[in-house]
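Here is the structure we will look at, set down as C-alpha cells.
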Amino acid sequence: MRLTLDDMSREEADAYIGLVKAQDLAHRTATEAGWYTDPVTLLPIKRNFGEVVALMHSELSEALEADRKGLMDDKLPHRDGREVEFADCIIRIFDTAAALGLDVAGAIIEKNRYNRQRADHKLEQRAAGGKKY
C-alpha cells in the first residue's frame with residue numbers, strides 16, 4: 001500500500017511535495033524542449049527506456065570523471081562538476097518517471113523510511129562487520 005500525505009510526517013510530506021514539483025518541472029522542461037516529439041513528423045513519441053537509462057548512467061560516469069579530475073562544470077563554471085552531473089542524472093530520472101507515470105517521489109519517501117529502520121544501515125551493525133559501504 002502506498003503512503004498518502006496523511007501517512008507522512010510533516011518533514012516527509014514537505015520533501016514529497018518538493019520532489020513531485022521537481023519531477024513535474026523536469027518533465028515539463030524536457031517536453032517543451034521537444035524530447036517527446038518526433039522532430040520530422042512533429043508527432044508525440046514514447047522514448048526508449050533503455051536509451052534514457054543509458055543516459056542516466058552517462059551522467060553518473062561524468063560525475064565520476066569530474067571527481068577523478070577535480071573538475072568544475074563546463075556549463076556552470078561556478079559549480080562543482082560532481083553536483084551538476086548528479087543534478088543532470090536526477091533531472092533525467094525525474095523526467096523519465098513523470099513520462100511513465102511513476103511515483104518516484106513517493107518511492108523515495110517510503111524507501112528512506114524503510115532504510116531508517118534497517119539493521120544493516122546502522123553504525124553498530126557496520127562496526128560489527130556488516131556492510132562497509
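For the C-alpha cells, the naming scheme is as follows: chains receive sequential letters (A, B, ...) according to their order of presentation, residues are indexed from 1 within each chain, and ligands are indexed from 1 in presentation order.
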Any idea what's packed within 10 Å of stretch 36-51 of chain A, counting only C-alpha atoms, ignoring anything in its chain fewer than 5 positions away? Could you give it as a compact mmCIF listing (two decimals) with all heavy atoms, in the first residue's frame?
# COMPACT_ATOMS: atom_id res chain seq x y z
N HIS A 27 10.03 17.17 -16.23
CA HIS A 27 9.30 16.63 -17.38
C HIS A 27 8.75 17.74 -18.27
O HIS A 27 8.81 17.64 -19.50
CB HIS A 27 8.17 15.71 -16.91
CG HIS A 27 7.49 15.01 -18.04
ND1 HIS A 27 8.16 14.23 -18.96
CD2 HIS A 27 6.19 14.99 -18.41
CE1 HIS A 27 7.30 13.74 -19.84
NE2 HIS A 27 6.10 14.20 -19.54
N ALA A 30 11.67 19.04 -20.37
CA ALA A 30 12.02 18.11 -21.45
C ALA A 30 10.96 18.11 -22.55
O ALA A 30 11.29 18.08 -23.74
CB ALA A 30 12.22 16.70 -20.89
N THR A 31 9.71 18.14 -22.14
CA THR A 31 8.62 18.15 -23.12
C THR A 31 8.65 19.41 -23.96
O THR A 31 8.55 19.36 -25.19
CB THR A 31 7.26 18.00 -22.40
OG1 THR A 31 7.27 16.76 -21.67
CG2 THR A 31 6.10 18.00 -23.39
N MET A 56 21.20 8.18 -18.15
CA MET A 56 21.35 8.37 -16.70
C MET A 56 22.72 7.84 -16.26
O MET A 56 23.42 8.50 -15.48
CB MET A 56 20.24 7.64 -15.94
CG MET A 56 18.86 8.19 -16.17
SD MET A 56 17.62 7.06 -15.51
CE MET A 56 16.15 7.64 -16.33
N HIS A 57 23.08 6.66 -16.76
CA HIS A 57 24.39 6.09 -16.46
C HIS A 57 25.50 7.05 -16.87
O HIS A 57 26.49 7.23 -16.15
CB HIS A 57 24.61 4.78 -17.23
CG HIS A 57 23.99 3.58 -16.64
ND1 HIS A 57 24.61 2.81 -15.69
CD2 HIS A 57 22.80 2.99 -16.88
CE1 HIS A 57 23.82 1.80 -15.37
NE2 HIS A 57 22.73 1.89 -16.07
N THR A 96 11.94 10.97 -16.80
CA THR A 96 11.50 9.65 -17.24
C THR A 96 10.39 9.11 -16.36
O THR A 96 9.41 8.55 -16.85
CB THR A 96 12.70 8.69 -17.28
OG1 THR A 96 13.70 9.24 -18.15
CG2 THR A 96 12.30 7.31 -17.77
N ALA A 99 7.20 10.82 -17.27
CA ALA A 99 6.70 10.35 -18.57
C ALA A 99 6.02 8.99 -18.45
O ALA A 99 5.06 8.70 -19.16
CB ALA A 99 7.85 10.29 -19.57
N LEU A 100 6.53 8.17 -17.52
CA LEU A 100 5.98 6.82 -17.34
C LEU A 100 4.90 6.75 -16.27
O LEU A 100 4.35 5.69 -16.00
CB LEU A 100 7.11 5.85 -16.99
CG LEU A 100 8.17 5.66 -18.09
CD1 LEU A 100 9.32 4.81 -17.56
CD2 LEU A 100 7.56 5.05 -19.33
Who sits within 9 Å of stretch 4-17 of chain A, only C-alpha atoms, same chain under 6 positions skipped, as a PyMOL selection string: chain A and resi 105-106+108-109+113
Nearest candidate to A:Ala97 (options A:Val84, A:Met1, A:Leu60, A:Leu25; using only C-alpha atoms): A:Leu25
d(atom CA of A:Gln23, atom CA of A:Val104) in Å: 8.4 Å
DSSP-assigned alpha helix (DSSP H) among stretch 2-99 of chain A, expressed as a ChimeraX atom specification: /A:10-32,49-69,81-99
Distance in Å - atom CA of A:Arg118 versus atom CA of A:Ile90: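 Between atom CA of A:Arg118 and atom CA of A:Ile90 the gap works out to 24.6 Å.
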Distance in Å - atom CA of A:Asp67 versus atom CA of A:Leu123: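 For atom CA of A:Asp67 relative to atom CA of A:Leu123, the distance reads 26.3 Å.
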